[in-house]
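What follows is one structure encoded as structure tokens, with my remarks underneath.
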Amino acid sequence: MSVEPPVSIQPSTPSLTEFPAWKALSSHFKAIRDKHLREFFADDARRGERFTAEAAGLYLDYSKNRITAETLRLLVQLAEECGLQKRIAAMFEGEPINSTERRAVLHTALRAPRDAQIMADGINVVPEVHAVLDRMTTFANELCSGGWRGHTGKRIWNIVNIGIGGSDLGPVMAYEALRAYSQRDMVFRFVSNVDGTDFREATRDISPEETLFIVCSKTFTTTETLANAHAARQWMLDAFDDARAVSKHFVAVSTNTVEVSDFGIDPANMFGFWDWVGGRYSMDSAIGLSTMIAIGPQNFRSMLAGFHAMDEHFRTTPFDRNLPVIMGLLAIWYNNFFGSETLAVLPYDQYLKRFPAYLQQLAMESNGKQARLDGFPVNYQTSQIVWGEPGTNGQHSFYQLIHQGTRLIPCDFIGFCQTLNPLGNHHDLLMANLFAQTEALAFGKTSEEVKSEGTPDWLCPHRTFPGNRPTNTILAERLTPYTLGTLVALYEHAVFTQGAIWNIDSFDQWGVELGKELAKRIVKEMAPMGDPNLKHDSSTNALIRRYVGCRDGGGITG
Ligand code: G6Q
């Protein structure tokens, strides 16, 4: 794809740090940065009700943040000065806001109701979206009812999704998150890594006769995915010795019909999507075919309805009551004013164990940028590092650092009022821990309190909790397909909000290219016994030689 270089020789907008609201926030920050959450709560008995917002079944308590009403007012002003409302409208209206790739960004169309009208390049895309959804539905129903059979006439019981990045993280996360709703007599596996272990372990105990591979790749040129798809094809051919088997055991999800048919998959067995769906925003497109098979078409549509409800909330609600906007602005507050480097996402639900990994890509691939939209460098930090683990496991490992370490780590806690797996008083214990953590992080334990418990003086510093650690708490009734849709859309739009304020393109990912190019070159240089003419730096040359020597058992050469 050809991309024209930026034309501007002068910045097209002043830097974010020149905006009046930014300057006002800088002074405001100095005034309140040392104020403790204990004081914020003491000042306002109703703070815990006041700093909350609710939408699409999600309740956000953001009262345990180091903010006042003035902070929020200034952050909202910043969003306005940055033209967030216009950016939102531009996204929903299909303008090419992915400017470096000159593409519209219309993942919101993937969950629009059938009668909606969303134009991209003069075409209403909603009928196409629903046509694909209908085909997916027919296919999922056929597969699950046993109508679709394998090459030897056996029913398909195993689904193996092959894809990487956006063509993997969403499907894995959604499958894990919605496992309670899944077809339990079927096996779902996900192969992404080009490490052969991934493929081998995913297929070692399943029968080719009962297995369907879904090859998910927007471009159908991704090295890892093609390597795994070819391995899968060979695995199938080893079992059947008949190339016709491919048509019954492979389907593709892609935008590239030519490559799909070159691979040997009949385009009739291909589910399409569009270049206006970014990989990390594609779990609700046909990339979610494995999700639909797992949870059934009705649940899948309910997930889409959840996404759509949050889309509508984001699009229409004033910023000071808008969940994704508030969360996006809080991230700016900590990232750019407090200098926080990371955001911990801590779901108190085992089913959401892959949610932090999913969000890592969503946030860090979207907003890990250093060039502004006009090509000039930013002079402020962009994306925070996102990480996390499900509660309560993290409490027994890394929470120590959040409570008593030297860094400020804002955290998002996510919990549900009803469990999908009632077991004794497990759920109360789980949720008591969630609430306890946010309380402990906010209020801590002073040295006086520690002393009054009879702790000897020398031990007091070690047992003191400074508190003043900010948290958001997101509560929902129950983890359902609908709720998952609202949660993912909440974070998608919070990430969008941040990108709009940082004035960057949240929808490209040029940063993954260099490593890919070099890997292609290096793999060619790994001829048996090595290439004596390596032209990398001395470290890379030596590593390649050592690897090749050791791999070939010919001893190690420097
Ligand atoms: C996501 C990225 C990236 C992409 C993978 C797989 O936004 O674009 O993670 O999803 O590189 O690409 P293909 O789907 O084209 O194989």
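Residue numbering restarts at 1 in every chain; chains get A, B, ... in the order shown in the structure tokens, and ligands count up from 1 in that same order.
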
(request) Please provide as JSON, numbers by chain all residues within 6 Å of stretch 265-280 of chain A, with the sequence filter that same-chain residues fewer than 2 positions apart are discarded (counting only C-alpha atoms). (result) {"A": [103, 104, 105, 106, 107, 166, 251, 252, 253, 254, 255, 260, 261, 263, 282, 362]}

(request) With only C-alpha atoms and all ligand atoms counted, collect every polymer residue having an atom within 8 Å of ligand 1; state the result as a ChimeraX atom specification. (result) /A:163-168,216-223,225,254,278-281,361-362,365-366,507-509

Store the residues of this selection in a file with N, CA and C atoms, as a PDB file, in the first residue's frame.
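Result file out.pdb:
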```pdb
ATOM      1  N   GLY A 163      -4.654 -17.855  13.998  1.00  0.00           N
ATOM      2  CA  GLY A 163      -4.555 -16.412  13.730  1.00  0.00           C
ATOM      3  C   GLY A 163      -3.607 -15.827  14.758  1.00  0.00           C
ATOM      4  N   ILE A 164      -3.247 -14.591  14.573  1.00  0.00           N
ATOM      5  CA  ILE A 164      -2.328 -13.973  15.548  1.00  0.00           C
ATOM      6  C   ILE A 164      -2.715 -12.512  15.739  1.00  0.00           C
ATOM      7  N   GLY A 165      -2.291 -11.931  16.850  1.00  0.00           N
ATOM      8  CA  GLY A 165      -2.594 -10.516  17.133  1.00  0.00           C
ATOM      9  C   GLY A 165      -4.093 -10.323  17.211  1.00  0.00           C
ATOM     10  N   GLY A 166      -4.585  -9.373  16.423  1.00  0.00           N
ATOM     11  CA  GLY A 166      -6.014  -9.089  16.445  1.00  0.00           C
ATOM     12  C   GLY A 166      -6.857 -10.255  15.960  1.00  0.00           C
ATOM     13  N   SER A 167      -6.255 -11.186  15.230  1.00  0.00           N
ATOM     14  CA  SER A 167      -7.012 -12.336  14.734  1.00  0.00           C
ATOM     15  C   SER A 167      -6.947 -13.513  15.710  1.00  0.00           C
ATOM     16  N   ASP A 168      -6.432 -13.243  16.908  1.00  0.00           N
ATOM     17  CA  ASP A 168      -6.322 -14.284  17.926  1.00  0.00           C
ATOM     18  C   ASP A 168      -6.769 -13.797  19.308  1.00  0.00           C
ATOM     19  N   CYS A 216      -7.872 -17.407  10.451  1.00  0.00           N
ATOM     20  CA  CYS A 216      -8.279 -16.002  10.567  1.00  0.00           C
ATOM     21  C   CYS A 216      -7.116 -15.101  10.213  1.00  0.00           C
ATOM     22  N   SER A 217      -7.221 -14.397   9.138  1.00  0.00           N
ATOM     23  CA  SER A 217      -6.168 -13.441   8.806  1.00  0.00           C
ATOM     24  C   SER A 217      -6.742 -12.398   7.863  1.00  0.00           C
ATOM     25  N   LYS A 218      -6.759 -11.175   8.328  1.00  0.00           N
ATOM     26  CA  LYS A 218      -7.305 -10.098   7.505  1.00  0.00           C
ATOM     27  C   LYS A 218      -6.560 -10.037   6.166  1.00  0.00           C
ATOM     28  N   THR A 219      -5.236 -10.084   6.225  1.00  0.00           N
ATOM     29  CA  THR A 219      -4.437  -9.956   5.003  1.00  0.00           C
ATOM     30  C   THR A 219      -4.188 -11.292   4.318  1.00  0.00           C
ATOM     31  N   PHE A 220      -4.233 -12.353   5.060  1.00  0.00           N
ATOM     32  CA  PHE A 220      -3.870 -13.700   4.620  1.00  0.00           C
ATOM     33  C   PHE A 220      -2.434 -13.736   4.088  1.00  0.00           C
ATOM     34  N   THR A 221      -1.593 -12.899   4.649  1.00  0.00           N
ATOM     35  CA  THR A 221      -0.166 -12.913   4.269  1.00  0.00           C
ATOM     36  C   THR A 221       0.709 -12.970   5.522  1.00  0.00           C
ATOM     37  N   THR A 222       0.109 -13.077   6.689  1.00  0.00           N
ATOM     38  CA  THR A 222       0.884 -13.028   7.933  1.00  0.00           C
ATOM     39  C   THR A 222       1.702 -14.313   8.106  1.00  0.00           C
ATOM     40  N   THR A 223       3.006 -14.148   8.261  1.00  0.00           N
ATOM     41  CA  THR A 223       3.918 -15.297   8.271  1.00  0.00           C
ATOM     42  C   THR A 223       3.503 -16.371   9.279  1.00  0.00           C
ATOM     43  N   THR A 225       0.685 -16.986  10.790  1.00  0.00           N
ATOM     44  CA  THR A 225      -0.601 -17.629  10.525  1.00  0.00           C
ATOM     45  C   THR A 225      -0.491 -18.580   9.339  1.00  0.00           C
ATOM     46  N   SER A 254     -11.218 -13.610   6.216  1.00  0.00           N
ATOM     47  CA  SER A 254     -10.202 -12.745   5.610  1.00  0.00           C
ATOM     48  C   SER A 254     -10.843 -11.662   4.759  1.00  0.00           C
ATOM     49  N   GLY A 278     -10.092  -2.681  11.986  1.00  0.00           N
ATOM     50  CA  GLY A 278      -8.712  -2.930  12.402  1.00  0.00           C
ATOM     51  C   GLY A 278      -8.630  -4.275  13.125  1.00  0.00           C
ATOM     52  N   GLY A 279      -7.480  -4.933  13.018  1.00  0.00           N
ATOM     53  CA  GLY A 279      -7.322  -6.257  13.635  1.00  0.00           C
ATOM     54  C   GLY A 279      -7.741  -6.290  15.098  1.00  0.00           C
ATOM     55  N   ARG A 280      -7.259  -5.324  15.869  1.00  0.00           N
ATOM     56  CA  ARG A 280      -7.553  -5.343  17.315  1.00  0.00           C
ATOM     57  C   ARG A 280      -8.969  -4.881  17.629  1.00  0.00           C
ATOM     58  N   TYR A 281      -9.691  -4.501  16.587  1.00  0.00           N
ATOM     59  CA  TYR A 281     -11.100  -4.095  16.764  1.00  0.00           C
ATOM     60  C   TYR A 281     -12.022  -5.067  16.035  1.00  0.00           C
ATOM     61  N   GLN A 361      -3.082  -5.252  23.874  1.00  0.00           N
ATOM     62  CA  GLN A 361      -2.979  -4.940  22.452  1.00  0.00           C
ATOM     63  C   GLN A 361      -3.842  -3.727  22.108  1.00  0.00           C
ATOM     64  N   LEU A 362      -5.067  -3.761  22.625  1.00  0.00           N
ATOM     65  CA  LEU A 362      -5.995  -2.672  22.305  1.00  0.00           C
ATOM     66  C   LEU A 362      -5.380  -1.310  22.635  1.00  0.00           C
ATOM     67  N   GLU A 365      -1.078  -1.078  21.245  1.00  0.00           N
ATOM     68  CA  GLU A 365      -0.875  -1.013  19.800  1.00  0.00           C
ATOM     69  C   GLU A 365      -1.588   0.226  19.240  1.00  0.00           C
ATOM     70  N   SER A 366      -2.672   0.604  19.888  1.00  0.00           N
ATOM     71  CA  SER A 366      -3.404   1.779  19.393  1.00  0.00           C
ATOM     72  C   SER A 366      -2.677   3.072  19.726  1.00  0.00           C
ATOM     73  N   PHE A 507      -5.125   3.972  15.045  1.00  0.00           N
ATOM     74  CA  PHE A 507      -5.596   2.824  14.262  1.00  0.00           C
ATOM     75  C   PHE A 507      -4.558   2.251  13.307  1.00  0.00           C
ATOM     76  N   ASP A 508      -3.353   2.799  13.331  1.00  0.00           N
ATOM     77  CA  ASP A 508      -2.300   2.155  12.542  1.00  0.00           C
ATOM     78  C   ASP A 508      -1.394   1.381  13.501  1.00  0.00           C
ATOM     79  N   GLN A 509      -0.386   0.703  12.977  1.00  0.00           N
ATOM     80  CA  GLN A 509       0.531  -0.068  13.819  1.00  0.00           C
ATOM     81  C   GLN A 509       1.852  -0.278  13.092  1.00  0.00           C
TER      82      GLN A 509
END
```

(request) Show which residues sit within 8 Å of stretch 200-215 of chain A, as a PyMOL selection string. Count only C-alpha atoms, and ignore same-chain residues fewer than 2 positions away. (result) chain A and resi 150-152+154-163+189-191+196-198+217+225+229+232+235-236+239+248-253+290

Save the residues we just selected, C-alpha atoms, as a PDB file, in the first residue's frame?
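Done, and the output landed in selection-v7.pdb:
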```pdb
ATOM      1  CA  GLY A 150     -15.856 -33.834   7.906  1.00  0.00           C
ATOM      2  CA  HIS A 151     -14.249 -35.617   4.970  1.00  0.00           C
ATOM      3  CA  THR A 152     -15.063 -39.079   6.341  1.00  0.00           C
ATOM      4  CA  LYS A 154     -17.886 -37.634  10.959  1.00  0.00           C
ATOM      5  CA  ARG A 155     -19.277 -34.745  12.918  1.00  0.00           C
ATOM      6  CA  ILE A 156     -16.960 -31.835  13.778  1.00  0.00           C
ATOM      7  CA  TRP A 157     -16.255 -31.622  17.491  1.00  0.00           C
ATOM      8  CA  ASN A 158     -12.993 -29.662  17.510  1.00  0.00           C
ATOM      9  CA  ILE A 159     -12.536 -26.090  16.375  1.00  0.00           C
ATOM     10  CA  VAL A 160      -8.998 -24.786  16.010  1.00  0.00           C
ATOM     11  CA  ASN A 161      -8.674 -21.065  15.367  1.00  0.00           C
ATOM     12  CA  ILE A 162      -5.439 -20.112  13.635  1.00  0.00           C
ATOM     13  CA  GLY A 163      -4.555 -16.412  13.730  1.00  0.00           C
ATOM     14  CA  ARG A 189      -8.272 -24.378  20.644  1.00  0.00           C
ATOM     15  CA  PHE A 190      -6.338 -21.322  19.508  1.00  0.00           C
ATOM     16  CA  VAL A 191      -3.032 -21.468  17.686  1.00  0.00           C
ATOM     17  CA  GLY A 196       5.662 -25.302  16.665  1.00  0.00           C
ATOM     18  CA  THR A 197       4.778 -26.161  20.241  1.00  0.00           C
ATOM     19  CA  ASP A 198       1.609 -24.134  19.933  1.00  0.00           C
ATOM     20  CA  SER A 217      -6.168 -13.441   8.806  1.00  0.00           C
ATOM     21  CA  THR A 225      -0.601 -17.629  10.525  1.00  0.00           C
ATOM     22  CA  ALA A 229      -2.197 -22.936   8.395  1.00  0.00           C
ATOM     23  CA  ALA A 232      -2.588 -27.712   9.696  1.00  0.00           C
ATOM     24  CA  TRP A 235      -1.568 -32.524   9.389  1.00  0.00           C
ATOM     25  CA  MET A 236      -4.881 -33.039   7.636  1.00  0.00           C
ATOM     26  CA  ALA A 239      -4.399 -38.227   7.948  1.00  0.00           C
ATOM     27  CA  LYS A 248     -14.473 -29.894   4.688  1.00  0.00           C
ATOM     28  CA  HIS A 249     -11.914 -29.057   7.359  1.00  0.00           C
ATOM     29  CA  PHE A 250     -10.861 -25.488   6.605  1.00  0.00           C
ATOM     30  CA  VAL A 251     -12.703 -22.219   6.507  1.00  0.00           C
ATOM     31  CA  ALA A 252     -11.128 -18.791   6.275  1.00  0.00           C
ATOM     32  CA  VAL A 253     -11.907 -15.380   7.682  1.00  0.00           C
ATOM     33  CA  SER A 290     -15.137 -19.329  16.731  1.00  0.00           C
TER      34      SER A 290
END
```

(request) Considering only C-alpha atoms, state which residue in the set A:Ala440, A:Ala227, A:Leu78, A:Leu401 is at the smallest distance from A:Arg38. (result) A:Ala440

For the contact check between stretch 9-66 of chain A and stretch 297-307 of chain A, emit one row per residue of stretch 9-66 of chain A within 12 Å, containing the shortest atom pair and the distance in Å rounded to one decimal, counting only C-alpha atoms, chain then rising number order, as a Markdown table.
```
| residue | atom | partner | partner_atom | distance |
| --- | --- | --- | --- | --- |
| A:Ala55 | CA | A:Gly306 | CA | 10.6 |
| A:Ala56 | CA | A:Gly306 | CA | 7.2 |
| A:Gly57 | CA | A:Gly306 | CA | 9.0 |
| A:Leu58 | CA | A:Gly306 | CA | 10.4 |
```

(request) List every residue of stretch 192-370 of chain A that DSSP, applied to the backbone, labels as strand (DSSP E or B), and write the result as a PyMOL selection string. (result) chain A and resi 211-216+250-254+270-272+342-347

Tell me, counting only C-alpha atoms, for each residue of stretch 156-204 of chain A within 12 Å of stretch 405-429 of chain A, which pair of atoms is nearest and how far apart they are in Å to one decimal, in rows ordered by chain and increasing number, as a tab-separated table.
```
residue	atom	partner	partner_atom	distance
A:Ala177	CA	A:Leu420	CA	11.2
A:Leu178	CA	A:Leu420	CA	10.3
A:Arg179	CA	A:Leu420	CA	10.3
A:Ala180	CA	A:Leu420	CA	7.3
A:Tyr181	CA	A:Leu420	CA	9.8
```

Those same residues, written as a tab-separated table (two decimals), in the first residue's frame with C-alpha atoms?
```
chain	number	residue	atom	x	y	z
A	177	ALA	CA	-14.82	-15.02	29.01
A	178	LEU	CA	-17.96	-16.73	27.74
A	179	ARG	CA	-17.02	-20.31	28.43
A	180	ALA	CA	-20.03	-20.68	30.69
A	181	TYR	CA	-22.22	-20.13	27.63
```

(request) Select, from A:Ile67, A:Ala432, A:Met136, A:Ala489, the residue with the minimum atom-to-atom distance to A:Asn468, counting only C-alpha atoms. (result) A:Ile67

(message) Please extract the residues of stretch 239-391 of chain A with a backbone DSSP assignment of helix (DSSP H, G or I) and present them as a ChimeraX atom specification.
(response) /A:239-240,245-249,257-263,267-269,279-281,286-295,297-316,319-321,323-338,350-352,355-367
